[in-house]
>>> print(open('entry-v1.cif').read())   # mmCIF, C-alpha atoms
data_run
loop_
_atom_site.label_atom_id
_atom_site.label_comp_id
_atom_site.auth_asym_id
_atom_site.auth_seq_id
_atom_site.Cartn_x
_atom_site.Cartn_y
_atom_site.Cartn_z
CA MET A 13 11.20 11.52 17.78
CA TYR A 14 8.37 13.80 16.68
CA ILE A 15 4.84 12.37 17.07
CA SER A 16 1.71 13.95 15.63
CA GLU A 17 -1.69 13.24 17.19
CA LYS A 18 -5.17 13.42 15.70
CA GLU A 19 -8.45 12.58 17.47
CA ILE A 20 -11.13 10.76 15.50
CA GLU A 21 -14.72 10.21 16.57
CA VAL A 22 -15.86 6.79 15.41
CA ARG A 23 -18.82 7.18 13.07
CA TYR A 24 -21.58 4.61 12.70
CA ALA A 25 -20.76 4.18 9.00
CA GLU A 26 -17.30 2.88 9.99
CA THR A 27 -18.68 -0.08 11.92
CA ASP A 28 -20.02 -3.51 11.14
CA GLN A 29 -23.25 -5.04 12.46
CA MET A 30 -21.60 -5.65 15.83
CA GLY A 31 -20.78 -1.96 16.25
CA VAL A 32 -17.05 -2.71 15.83
CA VAL A 33 -14.95 -0.65 13.43
CA TYR A 34 -14.53 -2.54 10.16
CA HIS A 35 -10.85 -3.39 9.65
CA ALA A 36 -10.41 -1.53 6.33
CA ASN A 37 -11.40 1.77 7.96
CA TYR A 38 -8.14 1.75 9.92
CA VAL A 39 -6.32 2.45 6.64
CA ILE A 40 -8.38 5.64 6.29
CA TRP A 41 -7.41 6.63 9.82
CA LEU A 42 -3.75 6.07 8.94
CA GLU A 43 -4.16 8.48 6.04
CA ILE A 44 -5.75 11.05 8.34
CA GLY A 45 -2.83 10.67 10.76
CA ARG A 46 -0.24 10.92 7.99
CA THR A 47 -1.90 14.04 6.57
CA GLN A 48 -1.96 15.60 10.06
CA LEU A 49 1.75 14.88 10.55
CA ILE A 50 2.58 16.51 7.21
CA GLN A 51 0.47 19.57 8.11
CA ASP A 52 2.00 19.79 11.59
CA LEU A 53 5.43 19.98 9.94
CA GLY A 54 4.30 22.85 7.72
CA PHE A 55 3.79 21.01 4.42
CA THR A 56 0.76 19.79 2.47
CA TYR A 57 0.15 16.66 0.47
CA ALA A 58 -2.12 18.73 -1.79
CA GLY A 59 0.85 20.96 -2.55
CA LEU A 60 2.85 17.92 -3.61
CA GLU A 61 0.08 16.99 -6.04
CA VAL A 62 -0.12 20.54 -7.42
CA ASP A 63 3.60 20.24 -8.18
CA GLY A 64 2.91 17.06 -10.19
CA TYR A 65 3.82 14.35 -7.68
CA ILE A 66 1.91 11.70 -5.74
CA SER A 67 2.94 9.35 -2.97
CA PRO A 68 1.42 5.89 -3.41
CA VAL A 69 1.36 3.30 -0.66
CA THR A 70 3.70 0.39 -1.43
CA ASN A 71 3.04 -1.54 1.77
CA VAL A 72 0.74 -1.34 4.78
CA ASN A 73 0.77 -3.51 7.88
CA ILE A 74 -1.78 -3.28 10.68
CA ASN A 75 -1.79 -5.26 13.90
CA TYR A 76 -5.23 -5.21 15.53
CA MET A 77 -4.90 -5.51 19.29
CA SER A 78 -8.34 -4.58 20.63
CA SER A 79 -11.66 -3.59 19.11
CA VAL A 80 -12.76 -0.02 18.59
CA LYS A 81 -16.50 0.55 18.74
CA TYR A 82 -19.07 3.05 17.60
CA GLY A 83 -19.23 6.11 19.85
CA GLU A 84 -15.59 5.97 20.92
CA THR A 85 -13.01 8.64 20.26
CA VAL A 86 -9.58 7.37 19.30
CA THR A 87 -6.25 9.11 18.89
CA VAL A 88 -4.05 8.34 15.90
CA ARG A 89 -0.38 8.87 16.74
CA THR A 90 1.89 9.18 13.68
CA TRP A 91 5.65 9.47 13.25
CA ILE A 92 8.38 8.85 10.68
CA GLU A 93 9.61 5.32 11.29
CA SER A 94 12.31 5.53 8.61
CA HIS A 95 13.23 7.81 5.75
CA GLY A 96 15.58 7.07 2.89
CA LYS A 97 16.38 8.27 -0.59
CA LEU A 98 13.17 6.94 -2.16
CA ARG A 99 11.06 5.39 0.63
CA THR A 100 9.44 6.73 3.74
CA THR A 101 7.86 4.47 6.35
CA TYR A 102 5.34 6.00 8.72
CA GLY A 103 4.59 4.45 12.10
CA TYR A 104 1.21 4.61 13.81
CA GLU A 105 -0.60 3.75 17.00
CA ILE A 106 -4.33 4.03 17.38
CA LEU A 107 -5.20 4.58 21.02
CA HIS A 108 -8.41 4.23 23.00
CA LYS A 109 -9.42 7.20 25.16
CA ASP A 110 -7.78 5.53 28.19
CA GLY A 111 -4.44 5.30 26.33
CA THR A 112 -4.50 1.58 25.64
CA ILE A 113 -3.35 0.58 22.16
CA ALA A 114 -6.08 -0.59 19.79
CA SER A 115 -3.69 -1.14 16.88
CA LYS A 116 -0.17 -0.57 15.64
CA ALA A 117 0.64 -0.01 11.98
CA THR A 118 3.19 1.03 9.40
CA SER A 119 2.78 2.26 5.85
CA GLU A 120 5.51 2.58 3.27
CA HIS A 121 5.40 5.22 0.53
CA VAL A 122 7.40 6.41 -2.46
CA ILE A 123 7.05 9.65 -4.36
CA VAL A 124 6.46 9.40 -8.09
CA LYS A 125 5.86 11.82 -10.92
CA LYS A 126 2.11 11.90 -11.52
CA ASP A 127 2.40 11.70 -15.30
CA ASN A 128 4.71 8.66 -15.59
CA PHE A 129 4.92 7.05 -12.12
CA ARG A 130 8.73 7.25 -12.10
CA PRO A 131 10.13 7.40 -8.56
CA VAL A 132 11.72 10.64 -7.46
CA SER A 133 13.56 11.63 -4.31
CA LEU A 134 11.81 13.98 -1.88
CA LYS A 135 15.18 15.70 -1.49
CA LYS A 136 15.12 16.59 -5.19
CA ILE A 137 11.62 18.07 -5.24
CA ASN A 138 11.42 19.59 -1.75
CA PRO A 139 14.75 19.75 0.15
CA GLN A 140 13.15 21.39 3.20
CA TRP A 141 10.56 18.63 3.57
CA ASP A 142 13.23 15.96 3.09
CA SER A 143 15.46 17.65 5.67
CA LYS A 144 12.62 17.73 8.22
CA TYR A 145 11.86 14.03 7.67
CA THR A 146 15.56 13.20 8.02
CA GLU A 147 15.71 15.20 11.26
CA ILE A 148 12.72 13.51 12.91
CA ALA A 149 13.00 9.97 11.50
CA LYS A 150 13.47 7.17 13.97
CA GLU A 151 16.04 5.67 11.60
CA LEU A 152 17.53 6.43 8.21
CA VAL A 153 17.74 3.85 5.45
#
>>> encode(input="entry-v1.cif", output="structure tokens")
Amino acid sequence: MYISEKEIEVRYAETDQMGVVYHANYVIWLEIGRTQLIQDLGFTYAGLEVDGYISPVTNVNINYMSSVKYGETVTVRTWIESHGKLRTTYGYEILHKDGTIASKATSEHVIVKKDNFRPVSLKKINPQWDSKYTEIAKELV
């Protein structure tokens, strides 16, 4: 299984009055991790958009296990949990500097044509990208 890693320095603006990262900011970190994975594999999400496609989130699930605080550096680990004809599920772990898990998450995505939101297979629009996802996915659906 291929895992991408991206370090993130926790910014003050991401925290609440207690200095703890506000829960919604984890979704942004997931996006950063997902974008890094795509880049590590040699593709770009921006390129997908230029070609007239977008990849909306259809589901996100985050399990918060321990707090992350201002001043910390975390690592977002991202992989392909499953990949099928129309849906891709990404898996994530957000780790403290010492390697302990702060949270685990998944996000599910489909690719749609930007102009009409009709689902389209990644295999149809970018066979190389689809082949790479199929190769590294934990499981196929």
>>> closest_residue(input="entry-v1.cif", among="A:Ser115, A:Ser67, A:Gln140, A:Ser94", to="Val33 (chain A)", atoms="only C-alpha atoms")
A:Ser115
>>> closest_residue(input="entry-v1.cif", among="A:Ser78, A:Asn37, A:Thr56, A:Thr90", to="Ser16 (chain A)", atoms="only C-alpha atoms")
A:Thr90
>>> resolve_selection(input="entry-v1.cif", expression="the PyMOL selection byres ((chain A and resi 120-137) around 6)", output="ChimeraX atom specification")
/A:64-71,97-101,119,138-139,142
>>> atom_distance(input="entry-v1.cif", atom1="CA of Arg89 (chain A)", atom2="CA of Met77 (chain A)")
15.3 Å
>>> resolve_selection(input="entry-v1.cif", expression="the PyMOL selection byres ((chain A and resi 151) around 12)", output="list of chain:residue names")
A:Met13, A:Trp91, A:Ile92, A:Glu93, A:Ser94, A:His95, A:Gly96, A:Thr100, A:Thr101, A:Tyr102, A:Gly103, A:Tyr145, A:Thr146, A:Glu147, A:Ile148, A:Ala149, A:Lys150, A:Leu152, A:Val153
>>> residues_around(input="entry-v1.cif", residues="region 18-28 of chain A", least_positions_apart="6", cutoff="6 Å", atoms="only C-alpha atoms", output="list in words")
Tyr34, Tyr82, Gly83, Glu84, Thr85, Val86, Thr87 and Val88 of chain A
>>> atom_distance(input="entry-v1.cif", atom1="CA of Ala117 (chain A)", atom2="CA of Val72 (chain A)")
7.3 Å
>>> atom_distance(input="entry-v1.cif", atom1="CA of Thr47 (chain A)", atom2="CA of Tyr104 (chain A)")
12.3 Å
>>> closest_residue(input="entry-v1.cif", among="A:Leu53, A:Ile40, A:Leu107, A:Leu60", to="Ser79 (chain A)", atoms="all atoms listed in the file")
A:Leu107
>>> closest_residue(input="entry-v1.cif", among="A:Val32, A:Val80, A:Val62, A:Ile15", to="Ile50 (chain A)", atoms="only C-alpha atoms")
A:Ile15
>>> decode(input="entry-v1.cif", residues="region 85-107 of chain A", atoms="N, CA and C atoms", output="mmCIF file, in the first residue's frame")
data_model
loop_
_atom_site.group_PDB
_atom_site.id
_atom_site.type_symbol
_atom_site.label_atom_id
_atom_site.label_comp_id
_atom_site.auth_asym_id
_atom_site.auth_seq_id
_atom_site.Cartn_x
_atom_site.Cartn_y
_atom_site.Cartn_z
ATOM 1 N N THR A 85 3.555 20.353 15.145
ATOM 2 C CA THR A 85 3.652 19.953 13.751
ATOM 3 C C THR A 85 3.070 18.552 13.667
ATOM 4 N N VAL A 86 2.128 18.367 12.758
ATOM 5 C CA VAL A 86 1.520 17.057 12.567
ATOM 6 C C VAL A 86 1.882 16.538 11.181
ATOM 7 N N THR A 87 1.745 15.233 11.020
ATOM 8 C CA THR A 87 1.933 14.601 9.723
ATOM 9 C C THR A 87 0.608 13.997 9.292
ATOM 10 N N VAL A 88 0.199 14.341 8.076
ATOM 11 C CA VAL A 88 -1.006 13.746 7.491
ATOM 12 C C VAL A 88 -0.537 12.620 6.579
ATOM 13 N N ARG A 89 -0.970 11.407 6.906
ATOM 14 C CA ARG A 89 -0.680 10.230 6.080
ATOM 15 C C ARG A 89 -1.927 9.932 5.260
ATOM 16 N N THR A 90 -1.767 9.743 3.950
ATOM 17 C CA THR A 90 -2.905 9.551 3.055
ATOM 18 C C THR A 90 -2.647 8.369 2.130
ATOM 19 N N TRP A 91 -3.697 7.592 1.901
ATOM 20 C CA TRP A 91 -3.617 6.445 0.996
ATOM 21 C C TRP A 91 -4.971 6.233 0.317
ATOM 22 N N ILE A 92 -4.994 5.344 -0.656
ATOM 23 C CA ILE A 92 -6.250 4.972 -1.310
ATOM 24 C C ILE A 92 -6.817 3.787 -0.544
ATOM 25 N N GLU A 93 -7.909 4.023 0.146
ATOM 26 C CA GLU A 93 -8.570 2.963 0.909
ATOM 27 C C GLU A 93 -9.279 2.002 -0.042
ATOM 28 N N SER A 94 -10.037 2.544 -0.996
ATOM 29 C CA SER A 94 -10.694 1.716 -2.014
ATOM 30 C C SER A 94 -10.907 2.551 -3.271
ATOM 31 N N HIS A 95 -10.966 1.845 -4.386
ATOM 32 C CA HIS A 95 -11.147 2.521 -5.669
ATOM 33 C C HIS A 95 -12.021 1.645 -6.552
ATOM 34 N N GLY A 96 -13.096 2.227 -7.042
ATOM 35 C CA GLY A 96 -14.002 1.492 -7.909
ATOM 36 C C GLY A 96 -14.272 2.256 -9.182
ATOM 37 N N LYS A 97 -15.314 1.851 -9.877
ATOM 38 C CA LYS A 97 -15.637 2.460 -11.162
ATOM 39 C C LYS A 97 -15.952 3.946 -11.030
ATOM 40 N N LEU A 98 -16.727 4.319 -9.999
ATOM 41 C CA LEU A 98 -17.113 5.719 -9.844
ATOM 42 C C LEU A 98 -16.667 6.350 -8.535
ATOM 43 N N ARG A 99 -16.321 5.572 -7.528
ATOM 44 C CA ARG A 99 -15.986 6.133 -6.221
ATOM 45 C C ARG A 99 -14.567 5.775 -5.801
ATOM 46 N N THR A 100 -13.948 6.753 -5.163
ATOM 47 C CA THR A 100 -12.646 6.526 -4.542
ATOM 48 C C THR A 100 -12.749 6.950 -3.089
ATOM 49 N N THR A 101 -12.278 6.090 -2.193
ATOM 50 C CA THR A 101 -12.240 6.421 -0.774
ATOM 51 C C THR A 101 -10.780 6.541 -0.358
ATOM 52 N N TYR A 102 -10.460 7.700 0.199
ATOM 53 C CA TYR A 102 -9.113 7.962 0.711
ATOM 54 C C TYR A 102 -9.104 7.681 2.204
ATOM 55 N N GLY A 103 -8.003 7.130 2.694
ATOM 56 C CA GLY A 103 -7.816 6.923 4.119
ATOM 57 C C GLY A 103 -6.752 7.878 4.634
ATOM 58 N N TYR A 104 -6.898 8.255 5.903
ATOM 59 C CA TYR A 104 -5.978 9.238 6.492
ATOM 60 C C TYR A 104 -5.675 8.894 7.942
ATOM 61 N N GLU A 105 -4.491 9.271 8.360
ATOM 62 C CA GLU A 105 -4.128 9.355 9.768
ATOM 63 C C GLU A 105 -3.427 10.691 9.962
ATOM 64 N N ILE A 106 -3.764 11.356 11.028
ATOM 65 C CA ILE A 106 -3.053 12.573 11.405
ATOM 66 C C ILE A 106 -2.255 12.227 12.661
ATOM 67 N N LEU A 107 -0.942 12.375 12.549
ATOM 68 C CA LEU A 107 -0.046 11.926 13.610
ATOM 69 C C LEU A 107 0.624 13.097 14.314
#
